[in-house]
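First comes the structure, then the notes that go with it.
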Amino acid sequence: MTEPAAFQPASTTDPDPQETREWMDALSAVIEREGPERAHALLEQLLEHARQNSIDLPFSATTGYVNTIEPAQEARCPGNMEIEKRLRGYMRWNAMAMVVKANRLHPNDGGELGGHIGSFASLATLLGTGFDHFWHAPSAQHGGDCIYIQGHSSPGIYARAYLEGRISEEQLLNFRQEVGGRGLSSYPHPKLMPEFWQFPTVSMGLGPIMAIYQARFLKYLHARGIADTSGRKVWVFCGDGEMDEPESLGAIGLAAREKLDNLIFVINCNLQRLDGPVRGNGKIIQELEGEFRGSGWNVIKLLWGRDWDDLLARDKDGALRKIMMECNDGDYQAFKAFDGAYVRKHFFGRDPRTLALVEHMSDDEIWNLRRGGHDPQKVYAAYHAAYHHEGQPTVILAKTIKGYGMGKIGEGKNTVHQTKKLSDEEVRAFRDRFDIPIPDSQIPELPFYKPAEGTPEMKYLQARREALGGYLPQRRTRADEQFTVPALETFKAILEPTAEGREISTTQAYVRFLTQLLRDQALGPRVVPILVDEARTFGMEGLFRQIGIYNPAGQQYTPVDKDQVMYYREDAKGQILQEGINEAGGMSSWIAAATSYSTNNRIMIPFYVFYSMFGFQRVGDLAWAAGDIQARGFLLGGTSGRTTLNGEGLQHQDGHSHILAGNIPNCVSYDPSFAHEVAVIMQHGLKRMVERQENVFYYLTLLNENYAMPGLTPGTEEQIIQGMYLFKPAATADAQAPRVQLLGSGSILRESLAAQELLAQDWGVAADVWSCPSFNELAREGRDAERWNLLHPTEAPRVPFVTRQLAGHAGPVVASTDYVKAYAEQIRPFIPAGRSYHVLGTDGFGRSDFRFRLREHFEIDRHYITLAALTGLAEQGQLARERLAQAIAQYGIRTEKPNPLYA
């Protein structure tokens, strides 16, 4: 075994070199005779002994700027390295040609399609090694690995799929031309390529956090006996610049805490962001090593290729290692942006000893010294070590060059990320660099290259994927399982009126629904309740003892509330995912469960309940990703409404989550007022997502306000789903009485009911009250009808559902909700012609107070509803305007108070 050298900083003089040598020799002997584990144990005891004797030991979570794996410890790659090199070259060429062609074909179109060459150029070896040797496709013997691809490298993935015969040349020619249905999506988007891409990753930072919770969910499924996931890995590719996103590092502690050894991060450290260096004055690899090692990860640094092994072996006094550590990332970027002579002078030339190390090498040989991420043998060794590591997640910090192989046009340049156009001369240089068999005469045409079937390269390519179970990426669009959802009558207790004197909230109705569903023998085990430390807020603490909280280590302590019925119970087979105060983590867990039908061939039903204000607003990008990945499940915005959550104030009170939810095309959202509406909506959602396996997910806002529940009126179920039904007609039979229509949702529907009484008693006005569980769904249906009418001018026009519902009910229309006015404004175009439509809402910041004061402040209470209804009648000439002033005085409405939008 090679004896390690003792390294001394240049500024430090060792007062006793002989003693130092004796200590080093002793450690070397332990390593050689008893192994590294024993040496590690001795060092830990020495360090602890030093601390106990008050010796100040500054903590360092970083190691030298060299490869973690010594050459002698490397697992050897069993593949044909020469064939793999040729295949990578073809993929590099096709990826480049795809992007350049996309920006050449339509130069007069007024815009450029864009694309990225530099990212895949730096990743080709890292990806190719995984595809050839490590990544399993789903098969009868293996559940399949989950691969989170770095988004900007998508052209390289398409280039491989083209060689494999999965993607046609026509599709390559339609890169980023998706409207016609024949093209390839810009980035990994399951929505756009549902049988190809597994995960949406280009919204940077989301891939890492989603992958961590995906790896945890695989462990969860295995622990609960739902699926055997023991042989599966989650591989995550992300850029070093991407790690600045809070989500990228935000959950690495959970990965270490739960010992997710099925998780492997590969961070492509090409040292560049989109505009410049990641850490020009520092070293991003050292920084990331400290972050991950300090969080408990296994860290593998893959910095230098095999060409450096001999130089490092001859670096007896550590001069080369010292320079490697001293150079910052800005320096390393420059070393690859220029040439070998520059490297000789500005890197090796920093010390006469290192200059002597390369005196036998030409400038070209120096230039061709590879970084670790471009050396397939080094990459294989790192992957092999990561794959077989147990008890910890692993991160591989792979040093690469952005734009590798692009030469003067981009290699290591700040501009390389935006490079998408190449001249014929630049294309020719690229061809020569990777030895692509394209003649000069065809360079202007930029033809794609694919070896003939039966050639050694094509046989090898197919054989490698056959050995690993098939092609990747691939995505399952439907689970093979089938379930029957319990009939609506199963939830009878929620559909019936509450007993006299009994009041509950819609949150309690949801909990009752969930509890009933958990009793279902088939679907109960597939329910995944997800909480972010608010179970008691939502009245769900009873589930702790009933189904337990998932913890892979079980419960190694006695909970302080053990003597209570609803004590806090953690269990290795627990069903609840308790994420702590962590909305992004809760959403990531929900996405993992909501896509289990695809990733695991197991239908799971996640219910993630959170403060509604902290849902779409805080993790909106993840919610959008959920739409892209075709998630199926329930999101529950608890304690919702800007005036219903009365004691929490500005940052807690939600008045706009439905507007945000409505922007996601496959999110179906409701703001139910009553328990029976909750049951009808959720049972229907189960039918769509579980029985029919439709690619939608549901968002329901739930209330913390208790009141009597009226029960379901049979025959209104379908109207509830569509978003609007007549809840309480006017009591009067007087056909001559002025008439108005009052619309509401959530708790504010009860203000409409109170206004109905005021209008009848004080003004002789008949008011019909409509419950509108979803203005979003009403608006979507109306817009769909408008579109159909636009495109079918000679056919009988479709009438929007809102128009049909109100057609037989005369009078002006007033809508009041606990949400901003834009929510109910969406249906204005579908109000029957000639009717006035007044919308009340909670525009402005929330604040804390009693509910009745908040509703008066936001001008959505019974008095404002009454005034708006009377105003509508006045506008139609059915009421003298003087009566409006009388109403204002009678109800004490303050006409000069500040506008709540600005107050």
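In the structure tokens, chains take the letters A, B, ... in the order shown, each chain's residues start at 1, and ligands count up from 1 in the order shown.
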What parts of segment 152-316 of chain A does DSSP call strand (DSSP E or B)? I'd like the answer as a VMD selection string. chain A and resid 175 184 234 to 239 263 to 269 272 277 298 to 302 304
Residue neighbourhood Trp93 of chain A, 12 Å, only C-alpha atoms, exclusion window fewer than 3 positions, as a PyMOL selection string: chain A and resi 86-90+96-101+117+120-121+124+155-156+158-160+162-163+405-406+427-438+443+446-450
Create the file for the chosen residues now, containing N, CA and C atoms and written as a CSV table (one decimal), in the first residue's frame.
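Generated file (selection.csv):
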```
chain,number,residue,atom,x,y,z
A,86,ARG,N,-17.5,5.9,-28.7
A,86,ARG,CA,-18.1,6.2,-30.0
A,86,ARG,C,-19.5,6.5,-29.9
A,87,LEU,N,-20.3,5.8,-29.1
A,87,LEU,CA,-21.7,6.0,-28.9
A,87,LEU,C,-21.9,7.4,-28.3
A,88,ARG,N,-21.1,7.8,-27.3
A,88,ARG,CA,-21.3,9.1,-26.7
A,88,ARG,C,-21.0,10.2,-27.7
A,89,GLY,N,-20.0,9.9,-28.6
A,89,GLY,CA,-19.8,10.9,-29.6
A,89,GLY,C,-20.9,11.1,-30.6
A,90,TYR,N,-21.6,10.0,-31.0
A,90,TYR,CA,-22.8,10.1,-31.8
A,90,TYR,C,-23.9,10.9,-31.1
A,96,MET,N,-26.3,18.1,-30.5
A,96,MET,CA,-25.9,19.4,-31.1
A,96,MET,C,-26.7,19.7,-32.3
A,97,ALA,N,-26.7,18.8,-33.2
A,97,ALA,CA,-27.4,19.0,-34.5
A,97,ALA,C,-28.9,19.3,-34.3
A,98,MET,N,-29.5,18.7,-33.3
A,98,MET,CA,-30.9,18.9,-33.0
A,98,MET,C,-31.2,20.4,-32.6
A,99,VAL,N,-30.3,20.9,-31.8
A,99,VAL,CA,-30.5,22.3,-31.3
A,99,VAL,C,-30.2,23.3,-32.4
A,100,VAL,N,-29.1,23.1,-33.1
A,100,VAL,CA,-28.7,24.0,-34.2
A,100,VAL,C,-29.7,24.0,-35.3
A,101,LYS,N,-30.2,22.8,-35.7
A,101,LYS,CA,-31.2,22.7,-36.7
A,101,LYS,C,-32.5,23.5,-36.4
A,117,ILE,N,-26.8,23.3,-25.8
A,117,ILE,CA,-25.8,22.4,-26.2
A,117,ILE,C,-24.8,22.1,-25.0
A,120,PHE,N,-25.6,19.2,-21.9
A,120,PHE,CA,-25.3,17.8,-22.1
A,120,PHE,C,-23.9,17.5,-22.5
A,121,ALA,N,-23.2,18.5,-23.1
A,121,ALA,CA,-21.8,18.3,-23.4
A,121,ALA,C,-21.0,18.0,-22.1
A,124,ALA,N,-22.4,14.2,-20.7
A,124,ALA,CA,-22.6,13.0,-21.6
A,124,ALA,C,-22.0,11.7,-20.9
A,155,PRO,N,-31.7,17.4,-24.8
A,155,PRO,CA,-31.3,17.0,-26.2
A,155,PRO,C,-30.4,15.7,-26.2
A,156,GLY,N,-29.6,15.6,-25.2
A,156,GLY,CA,-28.8,14.4,-25.1
A,156,GLY,C,-29.6,13.1,-24.8
A,158,TYR,N,-32.7,12.7,-25.8
A,158,TYR,CA,-33.4,12.5,-27.1
A,158,TYR,C,-32.4,11.8,-28.1
A,159,ALA,N,-31.2,12.3,-28.1
A,159,ALA,CA,-30.2,11.7,-29.0
A,159,ALA,C,-30.0,10.2,-28.7
A,160,ARG,N,-29.9,9.8,-27.4
A,160,ARG,CA,-29.8,8.4,-27.1
A,160,ARG,C,-31.0,7.7,-27.5
A,162,TYR,N,-33.0,8.3,-29.9
A,162,TYR,CA,-33.0,8.2,-31.4
A,162,TYR,C,-32.1,7.0,-31.8
A,163,LEU,N,-30.9,6.8,-31.2
A,163,LEU,CA,-30.1,5.7,-31.6
A,163,LEU,C,-30.7,4.4,-31.2
A,405,GLY,N,-16.0,19.9,-25.4
A,405,GLY,CA,-15.9,19.5,-26.8
A,405,GLY,C,-16.3,20.6,-27.8
A,406,MET,N,-16.8,21.7,-27.3
A,406,MET,CA,-17.3,22.8,-28.2
A,406,MET,C,-16.2,23.7,-28.6
A,427,VAL,N,-19.2,23.6,-36.6
A,427,VAL,CA,-19.7,22.3,-36.7
A,427,VAL,C,-18.6,21.3,-37.1
A,428,ARG,N,-17.8,21.7,-38.1
A,428,ARG,CA,-16.7,20.8,-38.6
A,428,ARG,C,-15.8,20.5,-37.5
A,429,ALA,N,-15.4,21.5,-36.7
A,429,ALA,CA,-14.5,21.3,-35.6
A,429,ALA,C,-15.1,20.4,-34.5
A,430,PHE,N,-16.4,20.5,-34.3
A,430,PHE,CA,-17.1,19.6,-33.4
A,430,PHE,C,-17.0,18.2,-33.9
A,431,ARG,N,-17.3,18.0,-35.2
A,431,ARG,CA,-17.2,16.7,-35.8
A,431,ARG,C,-15.8,16.1,-35.6
A,432,ASP,N,-14.8,16.8,-35.9
A,432,ASP,CA,-13.4,16.3,-35.8
A,432,ASP,C,-13.1,15.9,-34.3
A,433,ARG,N,-13.6,16.8,-33.4
A,433,ARG,CA,-13.3,16.5,-32.0
A,433,ARG,C,-13.8,15.1,-31.5
A,434,PHE,N,-15.0,14.7,-32.0
A,434,PHE,CA,-15.6,13.5,-31.6
A,434,PHE,C,-15.6,12.4,-32.7
A,435,ASP,N,-14.9,12.7,-33.8
A,435,ASP,CA,-14.7,11.7,-34.8
A,435,ASP,C,-16.0,11.1,-35.4
A,436,ILE,N,-16.8,12.0,-35.8
A,436,ILE,CA,-18.1,11.6,-36.3
A,436,ILE,C,-18.0,11.4,-37.8
A,437,PRO,N,-18.4,10.2,-38.4
A,437,PRO,CA,-18.2,9.9,-39.8
A,437,PRO,C,-19.2,10.7,-40.7
A,438,ILE,N,-19.1,12.0,-40.7
A,438,ILE,CA,-19.9,12.9,-41.6
A,438,ILE,C,-18.9,13.6,-42.5
A,443,ILE,N,-21.7,18.8,-44.1
A,443,ILE,CA,-21.7,19.7,-42.9
A,443,ILE,C,-22.8,20.7,-43.0
A,446,LEU,N,-26.1,19.4,-41.7
A,446,LEU,CA,-26.1,18.9,-40.3
A,446,LEU,C,-26.9,17.6,-40.2
A,447,PRO,N,-26.6,16.6,-40.9
A,447,PRO,CA,-27.4,15.4,-40.8
A,447,PRO,C,-27.2,14.7,-39.5
A,448,PHE,N,-28.3,14.1,-39.0
A,448,PHE,CA,-28.2,13.2,-37.8
A,448,PHE,C,-27.4,12.0,-38.2
A,449,TYR,N,-26.7,11.4,-37.2
A,449,TYR,CA,-25.9,10.2,-37.5
A,449,TYR,C,-26.4,9.0,-36.7
A,450,LYS,N,-26.6,7.9,-37.4
A,450,LYS,CA,-27.1,6.7,-36.7
A,450,LYS,C,-26.4,5.5,-37.4
```
Quick check for you: according to DSSP on this backbone, which residues of segment 686-795 of chain A are classed as helix (DSSP H, G or I)? Reply as a PyMOL selection string. chain A and resi 686-691+717-722+746-763+775-791
What's around segment 346-361 of chain A at 10 Å? Count only C-alpha atoms, leave out sequence neighbours fewer than 6 positions away in its own chain, and write the answer as an MDAnalysis selection string. chainID A and resid 310:312 314:315 317:324 327 331:332 334:335 340 367
Using only C-alpha atoms, please write the residues we just selected to a file, as a short mmCIF file (atom, residue, chain, number, x, y, z; two decimals), in the first residue's frame.
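This is the output file result_19.cif:
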```
data_model
loop_
_atom_site.label_atom_id
_atom_site.label_comp_id
_atom_site.auth_asym_id
_atom_site.auth_seq_id
_atom_site.Cartn_x
_atom_site.Cartn_y
_atom_site.Cartn_z
CA ASP A 310 0.53 9.52 -12.47
CA LEU A 311 1.08 13.21 -11.68
CA LEU A 312 -0.51 12.84 -8.27
CA ARG A 314 4.71 11.59 -8.30
CA ASP A 315 3.61 14.55 -6.17
CA ASP A 317 5.74 16.66 -1.33
CA GLY A 318 2.13 17.68 -2.01
CA ALA A 319 2.93 20.69 -4.21
CA LEU A 320 0.39 19.69 -6.86
CA ARG A 321 -2.32 19.06 -4.28
CA LYS A 322 -1.56 22.43 -2.74
CA ILE A 323 -2.04 24.22 -6.07
CA MET A 324 -5.23 22.26 -6.73
CA CYS A 327 -6.84 27.71 -7.34
CA ASP A 331 -9.15 30.05 -12.25
CA TYR A 332 -10.37 26.59 -13.21
CA ALA A 334 -10.07 30.06 -17.30
CA PHE A 335 -7.83 26.99 -17.56
CA GLY A 340 -2.48 24.06 -22.77
CA TRP A 367 -4.76 20.54 -22.42
#
```
With only C-alpha atoms as the counted atoms, please give the residues lying no more than 10 Å from segment 746-759 of chain A, apart from itself and same-chain residues fewer than 3 positions off, as a ChimeraX atom specification. /A:505-506,640-641,643-644,670-674,701-707,727-731,738-743,762-774,814-819,841,855,860-867,869-870
Please list as a PyMOL selection string every residue within 6 Å of segment 512-528 of chain A, counting only C-alpha atoms and excluding residues in the same chain fewer than 6 positions away. chain A and resi 604-606
How close does segment 656-767 of chain A get to segment 781-791 of chain A? List, as a tab-separated table, each residue of segment 656-767 of chain A within 12 Å, its nearest atom pair and the distance in Å to one decimal, counting only C-alpha atoms.
```
residue	atom	partner	partner_atom	distance
A:Val668	CA	A:Glu781	CA	11.9
A:Ile721	CA	A:Glu781	CA	11.7
A:Gln722	CA	A:Glu781	CA	8.4
A:Gly723	CA	A:Glu781	CA	9.6
A:Met724	CA	A:Glu781	CA	11.7
```
Skip segment 237-249 of chain A itself and residues of its chain fewer than 3 positions away, then list as JSON, numbers by chain all residues within 6 Å of it, counting only C-alpha atoms. {"A": [148, 149, 150, 204, 205, 208, 209, 252, 266, 267, 268, 269, 273, 278]}
